[in-house]
file data.pdb (PDB, C-alpha atoms)
MODEL        1
ATOM      1  CA  MET B   1      59.855  46.598  92.197
ATOM      2  CA  ARG B   2      59.066  49.714  94.186
ATOM      3  CA  THR B   3      61.942  49.089  96.634
ATOM      4  CA  SER B   4      64.556  48.851  93.899
ATOM      5  CA  SER B   5      63.166  52.036  92.352
ATOM      6  CA  ASN B   6      63.534  53.819  95.704
ATOM      7  CA  SER B   7      67.063  52.474  96.093
ATOM      8  CA  LEU B   8      67.979  53.639  92.651
ATOM      9  CA  THR B   9      66.540  57.077  93.346
ATOM     10  CA  PHE B  10      68.436  57.316  96.658
ATOM     11  CA  THR B  11      71.659  56.198  94.955
ATOM     12  CA  GLN B  12      71.154  58.748  92.186
ATOM     13  CA  LEU B  13      70.486  61.413  94.799
ATOM     14  CA  MET B  14      73.685  60.561  96.684
ATOM     15  CA  ILE B  15      75.727  60.649  93.471
ATOM     16  CA  SER B  16      74.151  63.963  92.527
ATOM     17  CA  VAL B  17      74.925  65.449  95.953
ATOM     18  CA  LYS B  18      78.523  64.190  95.873
ATOM     19  CA  GLU B  19      79.044  65.745  92.448
ATOM     20  CA  SER B  20      77.521  69.116  93.345
ATOM     21  CA  LYS B  21      79.696  72.184  93.823
ATOM     22  CA  LEU B  22      77.789  73.199  96.949
ATOM     23  CA  PHE B  23      78.570  69.863  98.606
ATOM     24  CA  TRP B  24      82.305  70.359  98.084
ATOM     25  CA  ILE B  25      82.246  74.014  99.138
ATOM     26  CA  ILE B  26      80.526  73.044 102.393
ATOM     27  CA  SER B  27      82.849  70.043 102.820
ATOM     28  CA  PHE B  28      85.981  72.187 102.572
ATOM     29  CA  SER B  29      84.474  74.705 105.001
ATOM     30  CA  ILE B  30      83.934  71.862 107.460
ATOM     31  CA  LEU B  31      87.454  70.529 106.856
ATOM     32  CA  THR B  32      88.853  74.001 107.562
ATOM     33  CA  ALA B  33      86.870  74.111 110.824
ATOM     34  CA  ILE B  34      88.136  70.672 111.842
ATOM     35  CA  SER B  35      91.726  71.549 110.946
ATOM     36  CA  ALA B  36      91.467  74.679 113.105
ATOM     37  CA  GLN B  37      90.936  72.451 116.127
ATOM     38  CA  ILE B  38      94.216  70.650 115.483
ATOM     39  CA  SER B  39      96.410  73.346 116.937
ATOM     40  CA  ILE B  40      99.454  74.047 119.028
ATOM     41  CA  PRO B  41      98.592  77.019 121.221
ATOM     42  CA  VAL B  42     101.333  79.565 120.638
ATOM     43  CA  GLN B  43     100.659  83.219 121.396
ATOM     44  CA  PRO B  44      99.504  85.370 119.757
ATOM     45  CA  VAL B  45      98.857  83.106 116.725
ATOM     46  CA  PRO B  46      98.510  79.314 117.158
ATOM     47  CA  PHE B  47      99.897  76.696 114.779
ATOM     48  CA  THR B  48      97.040  74.954 112.948
ATOM     49  CA  LEU B  49      96.489  72.816 109.878
ATOM     50  CA  GLN B  50      94.015  75.323 108.417
ATOM     51  CA  THR B  51      96.280  76.752 105.753
ATOM     52  CA  MET B  52      96.894  73.293 104.331
ATOM     53  CA  ILE B  53      93.134  72.873 103.864
ATOM     54  CA  VAL B  54      92.925  76.363 102.322
ATOM     55  CA  LEU B  55      95.537  75.308  99.742
ATOM     56  CA  LEU B  56      93.677  72.093  99.012
ATOM     57  CA  ALA B  57      90.353  73.936  98.692
ATOM     58  CA  GLY B  58      91.816  76.104  95.970
ATOM     59  CA  ALA B  59      93.549  73.223  94.222
ATOM     60  CA  PHE B  60      90.526  70.923  94.208
ATOM     61  CA  LEU B  61      87.649  73.384  93.884
ATOM     62  CA  GLY B  62      89.200  76.010  91.665
ATOM     63  CA  ALA B  63      89.489  79.740  92.261
ATOM     64  CA  LYS B  64      85.876  80.774  92.860
ATOM     65  CA  ASN B  65      84.641  77.721  94.722
ATOM     66  CA  GLY B  66      87.803  77.484  96.819
ATOM     67  CA  ALA B  67      87.345  81.115  97.847
ATOM     68  CA  PHE B  68      83.630  80.523  98.544
ATOM     69  CA  SER B  69      84.485  77.613 100.853
ATOM     70  CA  GLN B  70      86.730  79.881 102.910
ATOM     71  CA  LEU B  71      84.241  82.757 102.916
ATOM     72  CA  LEU B  72      81.650  80.316 104.246
ATOM     73  CA  TYR B  73      84.073  79.174 106.965
ATOM     74  CA  ILE B  74      84.744  82.783 108.033
ATOM     75  CA  PHE B  75      81.041  83.647 107.937
ATOM     76  CA  LEU B  76      80.085  80.657 110.108
ATOM     77  CA  GLY B  77      82.738  81.556 112.662
ATOM     78  CA  ALA B  78      81.801  85.237 112.610
ATOM     79  CA  ILE B  79      78.135  84.502 113.345
ATOM     80  CA  GLY B  80      79.045  82.489 116.396
ATOM     81  CA  LEU B  81      79.837  78.882 115.594
ATOM     82  CA  PRO B  82      82.900  77.786 117.622
ATOM     83  CA  ILE B  83      84.952  76.770 114.596
ATOM     84  CA  PHE B  84      88.009  78.992 114.811
ATOM     85  CA  ALA B  85      91.223  77.704 116.435
ATOM     86  CA  ASP B  86      90.903  76.748 120.075
ATOM     87  CA  GLY B  87      87.103  76.779 119.765
ATOM     88  CA  ALA B  88      86.997  80.558 119.458
ATOM     89  CA  PHE B  89      84.082  82.172 117.706
ATOM     90  CA  GLY B  90      82.458  85.415 116.799
ATOM     91  CA  PHE B  91      83.260  88.520 114.841
ATOM     92  CA  ALA B  92      85.751  89.641 117.507
ATOM     93  CA  ARG B  93      88.087  86.863 116.367
ATOM     94  CA  LEU B  94      88.353  88.594 112.992
ATOM     95  CA  ILE B  95      89.604  91.813 114.573
ATOM     96  CA  GLY B  96      91.999  90.058 116.955
ATOM     97  CA  PRO B  97      95.571  88.900 116.348
ATOM     98  CA  THR B  98      94.557  86.074 113.991
ATOM     99  CA  GLY B  99      92.085  88.126 111.957
ATOM    100  CA  GLY B 100      94.461  88.895 109.107
ATOM    101  CA  TYR B 101      95.305  85.235 108.597
ATOM    102  CA  LEU B 102      91.623  84.285 108.540
ATOM    103  CA  LEU B 103      90.704  87.103 106.160
ATOM    104  CA  ALA B 104      93.483  86.028 103.779
ATOM    105  CA  PHE B 105      92.102  82.482 103.455
ATOM    106  CA  PRO B 106      89.669  83.243 100.580
ATOM    107  CA  ILE B 107      92.377  85.171  98.725
ATOM    108  CA  ALA B 108      94.843  82.301  99.111
ATOM    109  CA  ALA B 109      92.322  79.673  98.008
ATOM    110  CA  TYR B 110      91.457  81.807  94.995
ATOM    111  CA  LEU B 111      95.137  82.185  94.080
ATOM    112  CA  VAL B 112      95.849  78.470  94.291
ATOM    113  CA  GLY B 113      92.739  77.674  92.271
ATOM    114  CA  TYR B 114      93.557  80.256  89.641
ATOM    115  CA  LEU B 115      97.210  79.291  89.304
ATOM    116  CA  THR B 116      96.660  75.527  89.324
ATOM    117  CA  GLY B 117      93.995  76.088  86.686
ATOM    118  CA  LYS B 118      96.805  77.318  84.439
ATOM    119  CA  SER B 119      99.053  74.294  84.982
ATOM    120  CA  GLN B 120      98.834  71.010  86.875
ATOM    121  CA  LYS B 121     102.570  70.330  86.772
ATOM    122  CA  TYR B 122     104.002  69.457  90.177
ATOM    123  CA  VAL B 123     106.466  72.354  90.351
ATOM    124  CA  PHE B 124     103.805  74.857  89.310
ATOM    125  CA  VAL B 125     101.334  73.543  91.905
ATOM    126  CA  VAL B 126     103.970  73.737  94.646
ATOM    127  CA  ILE B 127     104.930  77.283  93.620
ATOM    128  CA  SER B 128     101.274  78.356  93.591
ATOM    129  CA  MET B 129     100.819  76.917  97.078
ATOM    130  CA  PHE B 130     103.921  78.739  98.332
ATOM    131  CA  ILE B 131     102.618  82.008  96.879
ATOM    132  CA  ALA B 132      99.277  81.477  98.641
ATOM    133  CA  GLU B 133     101.020  80.676 101.945
ATOM    134  CA  LEU B 134     103.108  83.825 101.595
ATOM    135  CA  VAL B 135      99.934  85.852 101.052
ATOM    136  CA  ILE B 136      98.376  84.395 104.214
ATOM    137  CA  ILE B 137     101.508  85.035 106.254
ATOM    138  CA  SER B 138     102.046  88.536 104.829
ATOM    139  CA  VAL B 139      98.459  89.688 105.355
ATOM    140  CA  GLY B 140      98.353  88.033 108.779
ATOM    141  CA  THR B 141     101.636  89.586 109.875
ATOM    142  CA  PHE B 142     100.662  93.050 108.671
ATOM    143  CA  TYR B 143      97.307  92.756 110.441
ATOM    144  CA  LEU B 144      99.051  91.509 113.582
ATOM    145  CA  TYR B 145     101.329  94.535 113.437
ATOM    146  CA  ALA B 146      98.557  97.052 112.718
ATOM    147  CA  SER B 147      95.936  95.797 115.140
ATOM    148  CA  TYR B 148      97.788  94.109 117.953
ATOM    149  CA  LEU B 149     101.563  94.400 118.379
ATOM    150  CA  HIS B 150     102.328  97.829 116.829
ATOM    151  CA  ASN B 151     105.961  96.758 116.407
ATOM    152  CA  ILE B 152     106.949  95.447 112.993
ATOM    153  CA  ALA B 153     109.929  93.424 114.246
ATOM    154  CA  GLU B 154     107.786  91.689 116.875
ATOM    155  CA  ALA B 155     105.014  91.093 114.341
ATOM    156  CA  VAL B 156     107.428  89.479 111.876
ATOM    157  CA  LYS B 157     108.930  87.356 114.640
ATOM    158  CA  ALA B 158     105.571  86.234 116.086
ATOM    159  CA  GLY B 159     103.548  86.172 112.876
ATOM    160  CA  ALA B 160     105.877  85.115 110.077
ATOM    161  CA  ALA B 161     109.289  83.784 111.069
ATOM    162  CA  ILE B 162     107.834  81.249 113.460
ATOM    163  CA  PHE B 163     105.725  79.725 110.662
ATOM    164  CA  THR B 164     108.376  79.250 107.957
ATOM    165  CA  VAL B 165     109.204  75.612 108.671
ATOM    166  CA  TRP B 166     105.530  74.726 109.093
ATOM    167  CA  MET B 167     104.759  76.512 105.826
ATOM    168  CA  VAL B 168     107.199  74.329 103.894
ATOM    169  CA  ILE B 169     105.844  71.147 105.492
ATOM    170  CA  LYS B 170     102.215  72.118 104.801
ATOM    171  CA  VAL B 171     102.881  73.040 101.165
ATOM    172  CA  PHE B 172     104.593  69.757 100.354
ATOM    173  CA  ALA B 173     101.979  67.785 102.303
ATOM    174  CA  ALA B 174      99.164  69.594 100.469
ATOM    175  CA  ALA B 175     100.826  69.016  97.092
ATOM    176  CA  SER B 176     101.277  65.321  97.895
ATOM    177  CA  ILE B 177      97.650  64.968  98.954
ATOM    178  CA  PHE B 178      96.482  66.857  95.879
ATOM    179  CA  PHE B 179      98.410  64.690  93.430
ATOM    180  CA  THR B 180      97.524  61.442  95.209
ATOM    181  CA  VAL B 181      93.805  62.220  95.222
ATOM    182  CA  ALA B 182      93.788  63.903  91.792
ATOM    183  CA  LYS B 183      94.987  60.662  90.206
ATOM    184  CA  LYS B 184      91.861  58.924  91.500
ATOM    185  CA  GLN B 185      89.297  61.745  91.508
ATOM    186  CA  HIS B 186      88.398  64.287  88.849
ATOM    187  CA  LYS B 187      88.643  67.960  89.776
ATOM    188  CA  LEU B 188      85.769  68.941  92.032
ATOM    189  CA  GLN B 189      84.877  72.216  90.311
TER     190      GLN B 189
ENDMDL
END
call {"tool": "encode", "arguments": {"input": "data.pdb", "output": "structure tokens"}}
result
Amino acid sequence: MRTSSNSLTFTQLMISVKESKLFWIISFSILTAISAQISIPVQPVPFTLQTMIVLLAGAFLGAKNGAFSQLLYIFLGAIGLPIFADGAFGFARLIGPTGGYLLAFPIAAYLVGYLTGKSQKYVFVVISMFIAELVIISVGTFYLYASYLHNIAEAVKAGAAIFTVWMVIKVFAAASIFFTVAKKQHKLQ
């Protein structure tokens, strides 16, 4: 009798953890860290899958929790965990060429969460994800210009134009993942 009571308690605990907001915030922070390691090293800004996870964090967790997941990711990298692209870490990464992209992650997740909270129609979700991607690329490119390249044409070429095809692929992949999972799982807010 005692064993089944312990099993039931453990099962209830696992269900409770899985349904908690903190669990999903931490999970999306970890997913962002993992997706940062899947990269194609292009200078000065590598191609990664991070922005796709940022979009999904906003879509699944909502505005506030999606933003919190990305703030946690940035915080963990800033304090020294090697979770940024190419295993980079530390606060210096936030003031380097990729800093603007990283700092735009919470804003983008918030935007997707806010906009998809208004409508779950496919076209609206895709548009919200494109807007968030454009925010990441715009902030990242401006930061790249201001802190690193000091030439707007070079910054646009290296920080925005090169990512356009990848942006389209990531948005449609993220939307597909969102709608596939959302059919089976309730929103994780």
call {"tool": "resolve_selection", "arguments": {"input": "data.pdb", "expression": "the PyMOL selection byres ((chain B and resi 59-70) around 7)", "output": "number ranges by chain"}}
result
B: 25-26, 28-29, 55-58, 71-74, 105-107, 109-114, 116-117, 187-189
call {"tool": "residues_around", "arguments": {"input": "data.pdb", "residues": "Ser39 of chain B", "least_positions_apart": "3", "cutoff": "9 Å", "atoms": "all atoms listed in the file", "output": "list in words"}}
result
Ser35, Ala36, Val42, Pro46, Phe47, Thr48, Leu49, Ala85 and Asp86 of chain B
call {"tool": "residues_around", "arguments": {"input": "data.pdb", "residues": "Ile127 of chain B", "least_positions_apart": "3", "cutoff": "12 Å", "atoms": "all atoms listed in the file", "output": "NGL selection string"}}
result
:B and (55 or 111-112 or 115-116 or 119-124 or 130-134 or 168 or 171-172 or 174-175)
call {"tool": "closest_residue", "arguments": {"input": "data.pdb", "among": "B:Val45, B:Ala33, B:Met129, B:Ala88", "to": "Val156 of chain B", "atoms": "all atoms listed in the file"}}
result
B:Val45
call {"tool": "closest_residue", "arguments": {"input": "data.pdb", "among": "B:Tyr143, B:Ile53, B:Ala182, B:Gly90", "to": "Phe75 of chain B", "atoms": "all atoms listed in the file"}}
result
B:Gly90
call {"tool": "closest_residue", "arguments": {"input": "data.pdb", "among": "B:Ile30, B:Pro41, B:Val54, B:Ala155", "to": "Leu81 of chain B", "atoms": "all atoms listed in the file"}}
result
B:Ile30
call {"tool": "closest_residue", "arguments": {"input": "data.pdb", "among": "B:Leu102, B:Ile38, B:Thr141, B:Val126", "to": "Ala160 of chain B", "atoms": "all atoms listed in the file"}}
result
B:Thr141
call {"tool": "atom_distance", "arguments": {"input": "data.pdb", "atom1": "atom CA of Val135 of chain B", "atom2": "atom CA of Gly99 of chain B"}}
result
13.6 Å
call {"tool": "closest_residue", "arguments": {"input": "data.pdb", "among": "B:Ile177, B:Ile169, B:Leu76, B:Leu144", "to": "Pro44 of chain B", "atoms": "all atoms listed in the file"}}
result
B:Leu144
call {"tool": "atom_distance", "arguments": {"input": "data.pdb", "atom1": "atom CA of Leu31 of chain B", "atom2": "atom CA of Ala108 of chain B"}}
result
15.9 Å
call {"tool": "atom_distance", "arguments": {"input": "data.pdb", "atom1": "atom CA of Phe178 of chain B", "atom2": "atom CA of Thr164 of chain B"}}
result
21.0 Å
call {"tool": "residues_near_point", "arguments": {"input": "data.pdb", "point": "(92.4, 90.1, 107.6)", "cutoff": "9 Å", "atoms": "only C-alpha atoms", "output": "PyMOL selection string"}}
result
chain B and resi 94-95+98-105+136+139-140+142-143
